[in-house]
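Peer 1: Coordinates in structure-v9.txt, compact mmCIF, C-alpha atoms, are listed below.
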```txt
# COMPACT_ATOMS: atom_id res chain seq x y z
CA MET D 18 -6.66 20.78 -46.39
CA THR D 19 -8.77 23.86 -46.57
CA GLY D 20 -12.13 23.78 -44.84
CA LYS D 21 -12.24 20.00 -44.61
CA THR D 22 -11.50 17.81 -41.61
CA ASN D 23 -9.40 14.71 -42.05
CA PRO D 24 -11.62 11.81 -40.82
CA SER D 25 -8.66 9.65 -39.82
CA ARG D 26 -7.26 12.49 -37.69
CA VAL D 27 -10.63 12.94 -35.92
CA GLN D 28 -10.83 9.20 -35.29
CA HIS D 29 -7.24 9.15 -33.96
CA GLU D 30 -7.95 12.13 -31.64
CA GLY D 31 -11.10 10.43 -30.32
CA LEU D 32 -9.19 7.22 -29.63
CA ARG D 33 -6.44 9.15 -27.84
CA VAL D 34 -8.98 10.98 -25.64
CA ARG D 35 -10.74 7.70 -24.78
CA ARG D 36 -7.42 6.04 -23.86
CA ARG D 37 -6.44 9.00 -21.68
CA GLY D 38 -9.86 8.79 -19.96
CA ARG D 39 -9.38 5.05 -19.30
CA ARG D 40 -5.90 5.70 -17.86
CA ARG D 41 -7.35 8.33 -15.54
CA ARG D 42 -10.10 5.97 -14.37
CA ARG D 43 -7.58 3.17 -13.81
CA ARG D 44 -5.19 5.47 -11.97
CA ARG D 45 -7.25 5.97 -8.83
CA TYR D 46 -4.59 6.92 -6.29
CA GLY D 47 -0.92 6.73 -7.32
CA GLN D 48 0.67 8.62 -4.45
CA LEU D 49 1.40 8.34 -0.75
CA ARG D 50 -0.82 10.75 1.15
CA GLU D 51 -0.75 11.78 4.79
CA ILE D 52 -4.04 11.82 6.65
CA GLN D 53 -5.13 13.27 9.99
CA ARG D 54 -7.14 11.51 12.71
CA GLU D 55 -10.43 13.07 11.57
CA GLN D 56 -9.88 11.71 8.02
CA TYR D 57 -9.31 8.11 9.15
CA VAL D 58 -12.93 6.92 8.88
CA ARG D 59 -13.49 8.48 5.45
CA GLU D 60 -10.14 7.42 3.96
CA VAL D 61 -9.72 3.97 5.54
CA THR D 62 -12.94 2.56 6.98
CA CYS D 63 -15.18 3.96 4.25
CA ALA D 64 -12.84 3.35 1.31
CA PRO D 65 -14.66 2.02 -1.77
CA THR D 66 -15.45 -1.69 -1.74
CA GLY D 67 -12.63 -3.79 -3.12
CA VAL D 68 -9.95 -1.13 -2.66
CA LYS D 69 -6.91 -2.19 -0.65
CA VAL D 70 -5.68 0.49 1.74
CA LEU D 71 -2.14 0.38 3.12
CA LEU D 72 -1.85 2.56 6.21
CA HIS D 73 1.58 3.36 7.64
CA LEU D 74 1.64 4.45 11.29
CA TYR D 75 4.85 6.40 11.59
CA HIS D 76 6.85 8.93 13.54
CA PRO D 77 9.41 11.19 11.82
CA SER D 78 12.07 10.44 14.48
CA VAL D 79 12.09 6.73 13.54
CA PRO D 80 14.54 6.21 10.62
CA MET D 81 12.80 3.03 9.45
CA CYS D 82 9.53 4.99 9.11
CA SER D 83 11.24 7.52 6.82
CA LEU D 84 12.64 4.67 4.72
CA LEU D 85 9.22 3.05 4.37
CA ASN D 86 7.66 6.38 3.39
CA ARG D 87 10.21 6.68 0.55
CA HIS D 88 9.47 3.11 -0.56
CA PHE D 89 5.71 3.69 -0.30
CA THR D 90 6.04 6.75 -2.52
CA GLN D 91 7.58 4.56 -5.25
CA LEU D 92 5.12 1.71 -4.77
CA ALA D 93 2.10 4.03 -4.78
CA ALA D 94 3.09 5.27 -8.23
CA GLU D 95 3.59 1.69 -9.44
CA PHE D 96 0.30 0.37 -7.99
CA PRO D 97 -2.24 3.20 -8.38
CA ASP D 98 -5.25 1.01 -7.55
CA THR D 99 -3.99 0.53 -3.98
CA LYS D 100 -4.48 3.45 -1.61
CA PHE D 101 -1.22 4.29 0.22
CA LEU D 102 -1.70 6.41 3.34
CA MET D 103 0.39 7.45 6.31
CA ILE D 104 -0.60 8.88 9.66
CA LEU D 105 1.33 9.92 12.73
CA ALA D 106 1.05 6.97 15.11
CA GLN D 107 -0.07 9.13 18.04
CA GLN D 108 -2.89 10.63 15.97
CA CYS D 109 -4.18 7.23 15.00
CA VAL D 110 -3.70 5.40 18.31
CA PRO D 111 -3.02 7.56 21.37
CA ASN D 112 -0.03 6.29 23.38
CA TYR D 113 0.97 3.87 20.63
CA PRO D 114 4.39 2.48 21.62
CA ALA D 115 7.30 3.77 19.53
CA SER D 116 8.83 0.29 19.80
CA HIS D 117 6.07 -0.95 17.47
CA LEU D 118 7.00 1.49 14.71
CA PRO D 119 6.88 1.26 11.84
CA THR D 120 3.45 -0.34 11.66
CA LEU D 121 1.66 -1.20 8.43
CA PHE D 122 -2.01 -2.14 8.29
CA MET D 123 -3.71 -3.44 5.17
CA TYR D 124 -7.45 -2.83 4.99
CA GLU D 125 -10.18 -3.81 2.61
CA SER D 126 -13.84 -2.83 3.03
CA GLY D 127 -13.02 -1.25 6.39
CA CYS D 128 -11.49 -4.41 7.90
CA ILE D 129 -7.85 -5.07 8.74
CA LEU D 130 -6.63 -7.94 6.60
CA SER D 131 -2.98 -7.90 7.69
CA SER D 132 -0.55 -6.06 9.86
CA LEU D 133 3.22 -5.72 10.00
CA ILE D 134 4.36 -4.35 13.35
CA GLY D 135 7.92 -3.30 14.06
CA GLU D 136 11.17 -3.07 12.12
CA GLN D 137 11.74 -6.78 11.59
CA ALA D 138 8.19 -7.47 10.41
CA CYS D 139 8.56 -4.63 7.88
CA GLY D 140 11.77 -6.07 6.45
CA GLY D 141 14.47 -4.56 8.65
CA ARG D 142 16.47 -1.35 8.37
CA ASP D 143 17.97 -2.27 5.00
CA VAL D 144 14.75 -3.34 3.27
CA LEU D 145 14.83 -2.64 -0.44
CA PRO D 146 11.82 -1.36 -2.36
CA SER D 147 11.66 -4.67 -4.24
CA GLU D 148 11.63 -6.61 -0.95
CA LEU D 149 8.82 -4.49 0.47
CA LYS D 150 6.96 -4.87 -2.82
CA TRP D 151 7.18 -8.65 -2.58
CA MET D 152 6.10 -8.67 1.08
CA LEU D 153 3.06 -6.53 0.32
CA ALA D 154 2.18 -8.59 -2.76
CA GLN D 155 2.24 -11.73 -0.60
CA LEU D 156 -0.21 -10.03 1.76
CA GLY D 157 -2.46 -9.32 -1.22
CA ALA D 158 -2.05 -5.53 -1.36
CA PHE D 159 -1.55 -5.76 -5.13
CA VAL D 160 -0.62 -8.22 -7.85
CA ILE D 161 2.89 -8.36 -9.26
CA ASP D 162 2.94 -8.69 -13.04
CA SER D 163 6.14 -10.66 -13.42
CA TYR D 164 7.80 -13.51 -11.58
CA GLN D 165 11.08 -11.68 -12.15
CA ASP D 166 9.83 -9.13 -9.61
CA LEU D 167 9.82 -11.88 -6.99
CA TYR D 168 13.55 -12.40 -7.05
CA HIS D 169 16.57 -10.41 -5.97
CA GLY D 170 19.97 -11.68 -7.09
CA GLY D 171 18.50 -15.00 -8.25
CA MET D 172 17.03 -15.86 -4.85
CA PRO D 173 13.45 -15.40 -3.67
CA ILE D 174 13.24 -12.15 -1.71
CA ILE D 175 11.00 -13.85 0.80
CA MET D 176 10.46 -17.56 0.73
CA PRO D 177 7.26 -18.34 -1.19
CA CYS D 178 4.35 -19.57 0.91
CA SER D 179 4.64 -23.06 -0.59
CA GLU D 180 8.14 -23.40 0.87
CA GLN D 181 7.32 -22.05 4.33
CA GLU D 182 6.36 -24.25 7.24
CA ASP D 183 2.72 -24.16 8.22
CA TYR D 184 2.01 -21.10 10.32
CA ILE D 185 -0.34 -21.36 13.25
CA ASP D 186 -1.48 -18.16 14.92
CA ASP D 187 -1.46 -18.69 18.67
CA HIS D 188 -3.38 -15.41 19.18
CA SER D 189 -0.79 -14.27 21.73
CA ASP D 190 0.01 -11.06 19.86
CA PRO D 191 -1.51 -8.21 21.90
CA TYR D 192 -1.77 -6.16 18.70
CA ASP D 193 -3.63 -8.81 16.73
CA ASN D 194 -6.21 -7.44 14.30
CA ILE D 195 -9.19 -7.44 16.64
CA GLU D 196 -7.41 -5.68 19.47
CA THR D 197 -5.73 -3.22 17.11
CA GLU D 198 -9.03 -2.32 15.48
CA ALA D 199 -10.48 -1.63 18.93
CA LEU D 200 -7.50 0.61 19.80
CA ILE D 201 -7.85 2.62 16.60
CA HIS D 202 -11.52 3.33 17.13
CA SER D 203 -11.21 4.26 20.79
```
Give the structure from this file in structure tokens form.

Peer 2:
Amino acid sequence: MTGKTNPSRVQHEGLRVRRRGRRRRRRRYGQLREIQREQYVREVTCAPTGVKVLLHLYHPSVPMCSLLNRHFTQLAAEFPDTKFLMILAQQCVPNYPASHLPTLFMYESGCILSSLIGEQACGGRDVLPSELKWMLAQLGAFVIDSYQDLYHGGMPIIMPCSEQEDYIDDHSDPYDNIETEALIHS
């Protein structure tokens, strides 16, 4: 075609650009990022309304923390609308006990919704990415698209809530949400 523009090509290009723009808007985060103490308020407490923030308190000398960081890297790419962050435990909470690492906090609108403290709560030393994914989905960090994602080898990765006994919080955990929030902001 000399001097003329193909209308169907222009329409196709416009559609492609609009789709790419929508993908960019949908893909808010998509990666695990490390933050420093001075970034905590901006990145966690002041995150946009409705955004789930998963914060991993870690130390590089704890093998389970390194494993979770690798899993978080994969999950962050898979669930770009959830903000995945990590921070050195001592920067976030001075004198935070290493025995409580790894620690995962899930925030929304600046409030802690859930916490997983210690190796066992985070799935143990052999936790698979799919197991961590299911645990975090149960906490509400993101929505899993397929029920197939809920199973590993034909068995539920973690027993569904409907099959678990009723859980009653006796408030005896010294790192319960209220106390933990106070520690972080001190």

Peer 1: Could you name the residues that touch Gln108 of chain D at 9 Å or less, counting only C-alpha atoms, but leaving out those on the same chain fewer than 3 positions away, as a list in words?

Peer 2: Gln53, Arg54, Leu74, Ile104, Leu105 and Pro111 of chain D

Peer 1: For atom CA of Gly127 of chain D and atom CA of Gln56 of chain D, determine how far apart the two atoms are, in Å to one decimal place.

Peer 2: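 Rounded to one decimal, the two atoms are 13.4 Å apart.
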
Peer 1: Check the smallest atom-to-atom distance from each of D:Arg50, D:Arg59, D:Lys150, D:Arg45 to Asn86 of chain D using all atoms listed in the file, then report the winner.

Peer 2: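 Closest residue, counting all atoms listed in the file: D:Arg50.
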
Peer 1: I'd like the neighbourhood of Val70 of chain D as a list of chain:residue names, where a residue qualifies if any of its atoms comes within 10 Å (using all atoms listed in the file), though same-chain residues fewer than 2 positions away should be ignored.

Peer 2: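 Near neighbours after the sequence-gap exclusion: D:Glu60, D:Val61, D:Thr62, D:Ala64, D:Pro65, D:Gly67, D:Val68, D:Leu72, D:His73, D:Asp98, D:Thr99, D:Lys100, D:Phe101, D:Leu102, D:Phe122, D:Met123, D:Tyr124, D:Glu125, D:Ser126, D:Gly127, D:Cys128, D:Ile129, D:Leu130, D:Ala158.
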
Peer 1: Interatomic distance between atom CA of Phe159 of chain D and atom CA of Lys69 of chain D?

Peer 2: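 Between these atoms lies a distance of 7.8 Å.
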
Peer 1: Rounded to one decimal place, report the atom CA of Tyr46 of chain D-atom CA of Phe89 of chain D distance in Å.

Peer 2: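 Going from atom CA of Tyr46 of chain D over to atom CA of Phe89 of chain D, I get 12.3 Å.
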
Peer 1: How about completing segment 134-153 of chain D with N, CA, C and O atoms and giving it to me as a CSV table (one decimal), keeping the file's coordinate frame?

Peer 2:
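File produced: result_13.csv:
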```csv
chain,number,residue,atom,x,y,z
D,134,ILE,N,4.1,-5.2,12.2
D,134,ILE,CA,4.4,-4.4,13.4
D,134,ILE,C,5.8,-4.5,13.7
D,134,ILE,O,6.3,-5.6,14.1
D,135,GLY,N,6.5,-3.4,13.7
D,135,GLY,CA,7.9,-3.3,14.1
D,135,GLY,C,8.9,-3.4,12.9
D,135,GLY,O,8.5,-3.8,11.8
D,136,GLU,N,10.1,-3.1,13.2
D,136,GLU,CA,11.2,-3.1,12.1
D,136,GLU,C,11.3,-4.4,11.4
D,136,GLU,O,11.3,-4.5,10.2
D,137,GLN,N,11.5,-5.5,12.2
D,137,GLN,CA,11.7,-6.8,11.6
D,137,GLN,C,10.6,-7.2,10.7
D,137,GLN,O,10.8,-7.8,9.6
D,138,ALA,N,9.4,-7.1,11.2
D,138,ALA,CA,8.2,-7.5,10.4
D,138,ALA,C,8.1,-6.7,9.1
D,138,ALA,O,7.6,-7.2,8.1
D,139,CYS,N,8.6,-5.5,9.1
D,139,CYS,CA,8.6,-4.6,7.9
D,139,CYS,C,9.8,-4.8,7.0
D,139,CYS,O,10.0,-4.1,6.1
D,140,GLY,N,10.6,-5.8,7.3
D,140,GLY,CA,11.8,-6.1,6.4
D,140,GLY,C,13.1,-5.6,7.0
D,140,GLY,O,14.1,-5.9,6.3
D,141,GLY,N,13.2,-5.0,8.1
D,141,GLY,CA,14.5,-4.6,8.6
D,141,GLY,C,15.0,-3.2,8.1
D,141,GLY,O,14.4,-2.7,7.1
D,142,ARG,N,16.0,-2.7,8.7
D,142,ARG,CA,16.5,-1.4,8.4
D,142,ARG,C,17.0,-1.2,7.0
D,142,ARG,O,17.1,-0.1,6.4
D,143,ASP,N,17.4,-2.3,6.3
D,143,ASP,CA,18.0,-2.3,5.0
D,143,ASP,C,17.0,-2.8,3.9
D,143,ASP,O,17.4,-3.2,2.8
D,144,VAL,N,15.7,-2.8,4.2
D,144,VAL,CA,14.8,-3.3,3.3
D,144,VAL,C,14.8,-2.5,2.0
D,144,VAL,O,14.8,-1.3,2.0
D,145,LEU,N,14.8,-3.3,0.9
D,145,LEU,CA,14.8,-2.6,-0.4
D,145,LEU,C,13.4,-2.5,-0.9
D,145,LEU,O,12.5,-3.2,-0.5
D,146,PRO,N,13.2,-1.5,-1.8
D,146,PRO,CA,11.8,-1.4,-2.4
D,146,PRO,C,11.3,-2.7,-3.0
D,146,PRO,O,10.1,-3.0,-2.8
D,147,SER,N,12.1,-3.4,-3.6
D,147,SER,CA,11.7,-4.7,-4.2
D,147,SER,C,11.3,-5.7,-3.2
D,147,SER,O,10.4,-6.5,-3.4
D,148,GLU,N,12.0,-5.7,-2.0
D,148,GLU,CA,11.6,-6.6,-1.0
D,148,GLU,C,10.3,-6.2,-0.3
D,148,GLU,O,9.4,-7.1,-0.1
D,149,LEU,N,10.1,-4.9,-0.1
D,149,LEU,CA,8.8,-4.5,0.5
D,149,LEU,C,7.7,-4.8,-0.5
D,149,LEU,O,6.6,-5.2,-0.1
D,150,LYS,N,8.0,-4.6,-1.8
D,150,LYS,CA,7.0,-4.9,-2.8
D,150,LYS,C,6.5,-6.3,-2.8
D,150,LYS,O,5.3,-6.6,-2.8
D,151,TRP,N,7.5,-7.2,-2.6
D,151,TRP,CA,7.2,-8.6,-2.6
D,151,TRP,C,6.4,-9.0,-1.3
D,151,TRP,O,5.4,-9.7,-1.3
D,152,MET,N,6.8,-8.4,-0.2
D,152,MET,CA,6.1,-8.7,1.1
D,152,MET,C,4.6,-8.2,1.0
D,152,MET,O,3.7,-9.0,1.4
D,153,LEU,N,4.4,-7.1,0.4
D,153,LEU,CA,3.1,-6.5,0.3
D,153,LEU,C,2.2,-7.3,-0.7
D,153,LEU,O,1.0,-7.5,-0.5
```
